[in-house]
Amino acid sequence: MSIIEIHDLADPALDVYERLTEAQRRNRREPEMGVFIAESAKVIRAALDAGCEPVSFLMTRRHLDGQGREFIGRRGDVPVYTGDEAVLEKLTGYPVNRGMLCAMRRPLPLTVEQVCAGARRLAVLEGVTDAANVGAVFRSAAALGMDGVLVTDTCCDPLNRRAVRVSMGTVLQVPWACVEDWPRGGLERLRAMGFLTAALALEENSLDIADPALASAERLALVLGTEGDGLAQRTIALCDRTVRIPMQNGVDSLNVAAAGAVAFWQLRVRGT
């Protein structure tokens, strides 16, 4: 085991945990060299089970003989940096509440076609920029029967540290890809693969989400928009259907993650 006590916070080997930006971790020019941060034992376990390659671990001393022992045993060839809670917080700039982090190689990106192959239900996120919302959508997608997720290039990276943590590791279980040439080109690709595209928006001429025509669709892509403004009008116009979740008590809309959960449950494939 390579357990390394942290004595120098400026050690370049620790850059990945704080001094690299999310964009630098992502490394678009060399995707195979990109990394992401998994936080908490549950998320690290999910990442390892998904085949992700760890680069290093960062954990408090008390976790060396606690939950961290599992991961040290699984990958004893990977360096484990350790110190007390105050040292880790000073390094990362935030409280490491779960006591451990792991820097991992990013999985190679999937194509839209790979994500769509065999899928009957997709979630498409347009411009969702809040990492917590992205993570929450992935968690709902995993729990409620979505076969994959597509994100536009204006979305928060699903492998952002916070998105991964909020998703409880499901971003490593649900297939996802970045869809380009959005909205027209991306929607045309989905339509060519047999998907009915449904924009979630509060429009006058929209279908109630309980409309049986939606649930009976063989392949359905649910398109959700950014926080606040929702979907762009151009996107709504280009989708096959516009769908609304009926509101009561004067509430005009739901948070995108909550709306996604409702839609995923209502329009899941049933009887299989």
# chains A, B, ... in the order shown; residues from 1 in each chain; ligands from 1

call {"tool": "residues_around", "arguments": {"residues": "Gln67 (chain A)", "least_positions_apart": "5", "cutoff": "12 Å", "atoms": "only C-alpha atoms", "output": "number ranges by chain"}}
result
A: 40-42, 44-45, 59-62, 72-73, 98-101

call {"tool": "residues_around", "arguments": {"residues": "Val78 (chain A)", "least_positions_apart": "5", "cutoff": "8 Å", "atoms": "only C-alpha atoms", "output": "JSON, numbers by chain"}}
result
{"A": [1, 2, 54, 55, 56, 57, 72]}

call {"tool": "write_last_selection", "arguments": {"atoms": "N, CA and C atoms", "output": "PDB file, in the first residue's frame"}}
result
ATOM      1  N   MET A   1       0.837  -1.191   0.000  1.00  0.00           N
ATOM      2  CA  MET A   1       0.000   0.000   0.000  1.00  0.00           C
ATOM      3  C   MET A   1       0.871   1.239   0.000  1.00  0.00           C
ATOM      4  N   SER A   2       0.466   2.257  -0.758  1.00  0.00           N
ATOM      5  CA  SER A   2       1.221   3.504  -0.842  1.00  0.00           C
ATOM      6  C   SER A   2       0.448   4.599  -0.123  1.00  0.00           C
ATOM      7  N   PRO A  54      -8.955   4.447 -10.883  1.00  0.00           N
ATOM      8  CA  PRO A  54      -8.544   5.455  -9.912  1.00  0.00           C
ATOM      9  C   PRO A  54      -7.126   5.937 -10.155  1.00  0.00           C
ATOM     10  N   VAL A  55      -6.903   7.231  -9.936  1.00  0.00           N
ATOM     11  CA  VAL A  55      -5.570   7.825 -10.048  1.00  0.00           C
ATOM     12  C   VAL A  55      -4.938   7.953  -8.670  1.00  0.00           C
ATOM     13  N   SER A  56      -5.731   8.424  -7.709  1.00  0.00           N
ATOM     14  CA  SER A  56      -5.275   8.526  -6.326  1.00  0.00           C
ATOM     15  C   SER A  56      -6.486   8.683  -5.423  1.00  0.00           C
ATOM     16  N   PHE A  57      -6.279   8.380  -4.145  1.00  0.00           N
ATOM     17  CA  PHE A  57      -7.300   8.585  -3.125  1.00  0.00           C
ATOM     18  C   PHE A  57      -6.841   9.689  -2.180  1.00  0.00           C
ATOM     19  N   ILE A  72      -8.581   0.560  -0.498  1.00  0.00           N
ATOM     20  CA  ILE A  72      -7.140   0.288  -0.464  1.00  0.00           C
ATOM     21  C   ILE A  72      -6.895  -1.177  -0.807  1.00  0.00           C
TER      22      ILE A  72
END

call {"tool": "select_by_dssp", "arguments": {"residues": "region 165-272 of chain A", "states": "alpha helix (DSSP H)", "output": "number ranges by chain"}}
result
A: 165-166, 184-192, 212-215, 233-238, 256-266

call {"tool": "residues_around", "arguments": {"residues": "region 194-201 of chain A", "least_positions_apart": "3", "cutoff": "10 Å", "atoms": "only C-alpha atoms", "output": "mmCIF file with C-alpha atoms, in the first residue's frame"}}
result
data_model
loop_
_atom_site.group_PDB
_atom_site.id
_atom_site.type_symbol
_atom_site.label_atom_id
_atom_site.label_comp_id
_atom_site.auth_asym_id
_atom_site.auth_seq_id
_atom_site.Cartn_x
_atom_site.Cartn_y
_atom_site.Cartn_z
ATOM 1 C CA CYS A 116 -29.870 5.517 -28.052
ATOM 2 C CA ALA A 119 -33.291 2.710 -25.556
ATOM 3 C CA ARG A 120 -37.022 3.333 -25.250
ATOM 4 C CA ARG A 121 -36.968 6.280 -22.849
ATOM 5 C CA LEU A 122 -34.473 9.141 -22.896
ATOM 6 C CA ALA A 123 -34.051 12.346 -20.955
ATOM 7 C CA VAL A 124 -32.550 15.307 -22.816
ATOM 8 C CA LEU A 187 -33.790 16.521 -32.675
ATOM 9 C CA GLU A 188 -33.586 15.331 -36.272
ATOM 10 C CA ARG A 189 -31.157 12.597 -35.220
ATOM 11 C CA LEU A 190 -33.543 11.457 -32.491
ATOM 12 C CA ARG A 191 -36.484 11.507 -34.859
ATOM 13 C CA GLU A 204 -51.373 26.623 -23.856
ATOM 14 C CA SER A 206 -49.614 21.352 -24.673
ATOM 15 C CA LEU A 207 -50.667 17.821 -23.792
ATOM 16 C CA ILE A 209 -48.555 14.488 -19.109
ATOM 17 C CA LEU A 214 -47.408 9.706 -24.631
ATOM 18 C CA ALA A 217 -45.011 5.807 -27.531
ATOM 19 C CA GLU A 218 -42.552 3.073 -28.442
ATOM 20 C CA ARG A 219 -39.557 5.422 -28.129
ATOM 21 C CA LEU A 220 -39.855 8.708 -26.259
ATOM 22 C CA ALA A 221 -37.325 11.482 -25.601
ATOM 23 C CA LEU A 222 -38.302 13.919 -22.839
ATOM 24 C CA VAL A 223 -36.669 17.324 -23.277
ATOM 25 C CA LEU A 224 -36.145 19.458 -20.165
ATOM 26 C CA GLY A 225 -34.860 23.008 -20.081
ATOM 27 C CA GLY A 230 -37.044 26.606 -19.229
ATOM 28 C CA LEU A 231 -36.723 25.392 -22.801
ATOM 29 C CA ALA A 232 -35.935 27.785 -25.631
ATOM 30 C CA GLN A 233 -38.949 28.615 -27.787
ATOM 31 C CA THR A 235 -36.626 23.949 -29.153
ATOM 32 C CA ILE A 236 -40.286 23.754 -28.176
ATOM 33 C CA ALA A 237 -41.311 24.541 -31.757
ATOM 34 C CA LEU A 238 -39.050 21.829 -33.163
ATOM 35 C CA CYS A 239 -40.212 19.045 -30.821
ATOM 36 C CA ASP A 240 -43.031 16.720 -31.885
ATOM 37 C CA ARG A 241 -45.119 17.392 -28.793
ATOM 38 C CA THR A 242 -45.261 19.879 -25.947
ATOM 39 C CA VAL A 243 -46.141 18.368 -22.574
ATOM 40 C CA ARG A 244 -47.176 19.998 -19.314
ATOM 41 C CA ILE A 245 -47.401 18.825 -15.722
ATOM 42 C CA SER A 253 -43.718 25.382 -12.324
ATOM 43 C CA VAL A 256 -36.201 20.944 -13.376
ATOM 44 C CA ALA A 259 -40.264 17.976 -13.047
ATOM 45 C CA GLY A 260 -37.982 15.332 -14.484
ATOM 46 C CA ALA A 263 -42.239 12.914 -15.996
#

call {"tool": "closest_atom_pairs", "arguments": {"of": "region 22-137 of chain A", "to": "region 145-169 of chain A", "cutoff": "6 Å", "atoms": "only C-alpha atoms", "output": "tab-separated table"}}
result
residue	atom	partner	partner_atom	distance
A:Ile37	CA	A:Arg161	CA	5.2
A:Glu39	CA	A:Arg165	CA	6.0
A:Val43	CA	A:Gly169	CA	4.7
A:Ala46	CA	A:Gly169	CA	5.7
A:Val115	CA	A:Gly148	CA	6.0
A:Ala119	CA	A:Asp147	CA	5.3
A:Arg121	CA	A:Met146	CA	5.1
A:Leu122	CA	A:Gly148	CA	5.1
A:Ala123	CA	A:Val149	CA	4.8
A:Val124	CA	A:Leu150	CA	4.6
A:Leu125	CA	A:Val151	CA	4.8
A:Glu126	CA	A:Thr152	CA	5.3
A:Gly127	CA	A:Cys155	CA	4.3
A:Val128	CA	A:Cys155	CA	4.8
A:Thr129	CA	A:Cys156	CA	4.6
A:Ala131	CA	A:Ala163	CA	4.6
A:Ala132	CA	A:Ala163	CA	5.3
A:Val134	CA	A:Ala163	CA	5.9
A:Gly135	CA	A:Ser167	CA	4.1
A:Ala136	CA	A:Ser167	CA	5.4

call {"tool": "atom_distance", "arguments": {"atom1": "CA of Gly34 (chain A)", "atom2": "CA of Gly66 (chain A)"}}
result
29.0 Å

call {"tool": "residues_around", "arguments": {"residues": "region 14-19 of chain A", "least_positions_apart": "3", "cutoff": "12 Å", "atoms": "only C-alpha atoms", "output": "PyMOL selection string"}}
result
chain A and resi 4-11+22-26+34-39+55-59+79-82+88-94+96+100-105+161

call {"tool": "closest_residue", "arguments": {"among": "A:Val171, A:Leu144, A:Val251, A:Ala13", "to": "Cys52 (chain A)", "atoms": "only C-alpha atoms"}}
result
A:Val171

call {"tool": "select_by_dssp", "arguments": {"residues": "region 26-199 of chain A", "states": "strand (DSSP E or B)", "output": "number ranges by chain"}}
result
A: 35-39, 54-60, 80-83, 100-105, 121-125, 148-152, 176-179, 196-199

call {"tool": "write_last_selection", "arguments": {"atoms": "N, CA and C atoms", "output": "compact mmCIF listing (two decimals), in the first residue's frame"}}
result
# COMPACT_ATOMS: atom_id res chain seq x y z
N VAL A 35 -9.95 13.64 -15.91
CA VAL A 35 -10.25 13.03 -14.62
C VAL A 35 -11.53 13.64 -14.05
N PHE A 36 -12.10 12.95 -13.09
CA PHE A 36 -13.22 13.50 -12.32
C PHE A 36 -13.01 13.09 -10.87
N ILE A 37 -13.74 13.75 -9.98
CA ILE A 37 -13.61 13.49 -8.56
C ILE A 37 -14.84 12.76 -8.05
N ALA A 38 -14.63 11.59 -7.46
CA ALA A 38 -15.69 10.84 -6.80
C ALA A 38 -15.59 11.11 -5.31
N GLU A 39 -16.72 11.46 -4.68
CA GLU A 39 -16.74 11.84 -3.27
C GLU A 39 -17.69 10.94 -2.50
N PRO A 54 -8.95 4.45 -10.88
CA PRO A 54 -8.54 5.46 -9.91
C PRO A 54 -7.13 5.94 -10.16
N VAL A 55 -6.90 7.23 -9.94
CA VAL A 55 -5.57 7.82 -10.05
C VAL A 55 -4.94 7.95 -8.67
N SER A 56 -5.73 8.42 -7.71
CA SER A 56 -5.27 8.53 -6.33
C SER A 56 -6.49 8.68 -5.42
N PHE A 57 -6.28 8.38 -4.14
CA PHE A 57 -7.30 8.58 -3.13
C PHE A 57 -6.84 9.69 -2.18
N LEU A 58 -7.83 10.39 -1.62
CA LEU A 58 -7.56 11.39 -0.59
C LEU A 58 -8.55 11.12 0.54
N MET A 59 -8.06 10.76 1.72
CA MET A 59 -8.98 10.44 2.80
C MET A 59 -8.39 10.79 4.16
N THR A 60 -9.29 11.02 5.11
CA THR A 60 -8.84 11.33 6.46
C THR A 60 -8.22 10.09 7.08
N VAL A 80 -2.49 6.74 -1.77
CA VAL A 80 -3.53 7.20 -0.86
C VAL A 80 -2.95 8.35 -0.05
N TYR A 81 -3.44 9.56 -0.28
CA TYR A 81 -2.98 10.73 0.46
C TYR A 81 -3.88 10.92 1.67
N THR A 82 -3.27 11.21 2.82
CA THR A 82 -4.05 11.30 4.04
C THR A 82 -3.59 12.41 4.96
N GLY A 83 -4.50 12.84 5.81
CA GLY A 83 -4.24 13.86 6.81
C GLY A 83 -5.50 14.01 7.64
N MET A 100 -13.65 11.17 2.30
CA MET A 100 -12.76 10.60 1.28
C MET A 100 -13.15 11.07 -0.12
N LEU A 101 -12.14 11.23 -0.93
CA LEU A 101 -12.29 11.58 -2.34
C LEU A 101 -11.42 10.62 -3.15
N CYS A 102 -11.75 10.50 -4.42
CA CYS A 102 -10.91 9.71 -5.32
C CYS A 102 -10.87 10.40 -6.67
N ALA A 103 -9.66 10.64 -7.16
CA ALA A 103 -9.49 11.16 -8.53
C ALA A 103 -9.48 9.96 -9.47
N MET A 104 -10.33 10.00 -10.49
CA MET A 104 -10.46 8.87 -11.42
C MET A 104 -10.39 9.33 -12.86
N ARG A 105 -9.92 8.45 -13.71
CA ARG A 105 -9.93 8.73 -15.14
C ARG A 105 -11.37 8.78 -15.63
N ARG A 121 -36.69 5.03 -23.55
CA ARG A 121 -36.97 6.28 -22.85
C ARG A 121 -35.67 7.04 -22.61
N LEU A 122 -35.65 8.29 -23.07
CA LEU A 122 -34.47 9.14 -22.90
C LEU A 122 -34.87 10.44 -22.21
N ALA A 123 -33.93 10.98 -21.45
CA ALA A 123 -34.05 12.35 -20.96
C ALA A 123 -33.03 13.19 -21.71
N VAL A 124 -33.44 14.37 -22.13
CA VAL A 124 -32.55 15.31 -22.82
C VAL A 124 -32.52 16.59 -22.01
N LEU A 125 -31.33 17.04 -21.62
CA LEU A 125 -31.19 18.25 -20.81
C LEU A 125 -30.61 19.37 -21.66
N GLY A 148 -31.30 6.33 -20.85
CA GLY A 148 -30.12 7.14 -21.14
C GLY A 148 -30.44 8.61 -20.99
N VAL A 149 -29.39 9.41 -20.98
CA VAL A 149 -29.52 10.86 -20.87
C VAL A 149 -28.64 11.51 -21.93
N LEU A 150 -29.17 12.52 -22.59
CA LEU A 150 -28.39 13.35 -23.51
C LEU A 150 -28.30 14.75 -22.92
N VAL A 151 -27.15 15.38 -23.04
CA VAL A 151 -26.98 16.74 -22.54
C VAL A 151 -26.46 17.62 -23.67
N THR A 152 -26.95 18.85 -23.73
CA THR A 152 -26.43 19.78 -24.72
C THR A 152 -25.10 20.34 -24.22
N TRP A 176 -24.82 8.14 -21.04
CA TRP A 176 -25.11 9.52 -21.43
C TRP A 176 -24.12 9.97 -22.49
N ALA A 177 -24.52 10.99 -23.21
CA ALA A 177 -23.66 11.57 -24.25
C ALA A 177 -24.03 13.02 -24.43
N CYS A 178 -23.10 13.78 -25.00
CA CYS A 178 -23.35 15.17 -25.35
C CYS A 178 -23.90 15.22 -26.78
N VAL A 179 -25.05 15.88 -26.94
CA VAL A 179 -25.67 15.96 -28.26
C VAL A 179 -25.30 17.31 -28.89
N LEU A 196 -40.16 9.81 -30.49
CA LEU A 196 -41.08 10.93 -30.38
C LEU A 196 -40.46 11.90 -29.39
N THR A 197 -40.29 13.15 -29.80
CA THR A 197 -39.66 14.13 -28.92
C THR A 197 -40.71 14.99 -28.24
N ALA A 198 -40.63 15.07 -26.91
CA ALA A 198 -41.64 15.77 -26.12
C ALA A 198 -40.98 16.83 -25.26
N ALA A 199 -41.31 18.08 -25.51
CA ALA A 199 -40.77 19.20 -24.74
C ALA A 199 -41.63 19.43 -23.51

call {"tool": "atom_distance", "arguments": {"atom1": "CA of Arg74 (chain A)", "atom2": "CA of Asn27 (chain A)"}}
result
27.0 Å

call {"tool": "atom_distance", "arguments": {"atom1": "CA of Asp49 (chain A)", "atom2": "CA of Leu110 (chain A)"}}
result
18.2 Å

call {"tool": "closest_residue", "arguments": {"among": "A:Ala213, A:Gly118, A:Glu85, A:Gln173", "to": "Ala143 (chain A)", "atoms": "only C-alpha atoms"}}
result
A:Gln173

call {"tool": "decode", "arguments": {"residues": "region 165-179 of chain A", "atoms": "C-alpha atoms", "output": "PDB file, in the first residue's frame"}}
result
ATOM      1  CA  ARG A 165     -22.028  13.328  -5.603  1.00  0.00           C
ATOM      2  CA  VAL A 166     -25.683  14.401  -5.837  1.00  0.00           C
ATOM      3  CA  SER A 167     -26.362  11.640  -8.365  1.00  0.00           C
ATOM      4  CA  MET A 168     -24.996   9.115  -5.830  1.00  0.00           C
ATOM      5  CA  GLY A 169     -22.841   7.719  -8.612  1.00  0.00           C
ATOM      6  CA  THR A 170     -25.673   7.076 -11.067  1.00  0.00           C
ATOM      7  CA  VAL A 171     -23.953   9.244 -13.706  1.00  0.00           C
ATOM      8  CA  LEU A 172     -21.635   6.238 -13.963  1.00  0.00           C
ATOM      9  CA  GLN A 173     -24.531   3.814 -14.414  1.00  0.00           C
ATOM     10  CA  VAL A 174     -26.898   5.613 -16.803  1.00  0.00           C
ATOM     11  CA  PRO A 175     -25.456   5.893 -20.331  1.00  0.00           C
ATOM     12  CA  TRP A 176     -25.109   9.515 -21.431  1.00  0.00           C
ATOM     13  CA  ALA A 177     -23.661  11.567 -24.249  1.00  0.00           C
ATOM     14  CA  CYS A 178     -23.348  15.169 -25.352  1.00  0.00           C
ATOM     15  CA  VAL A 179     -25.670  15.963 -28.259  1.00  0.00           C
TER      16      VAL A 179
END
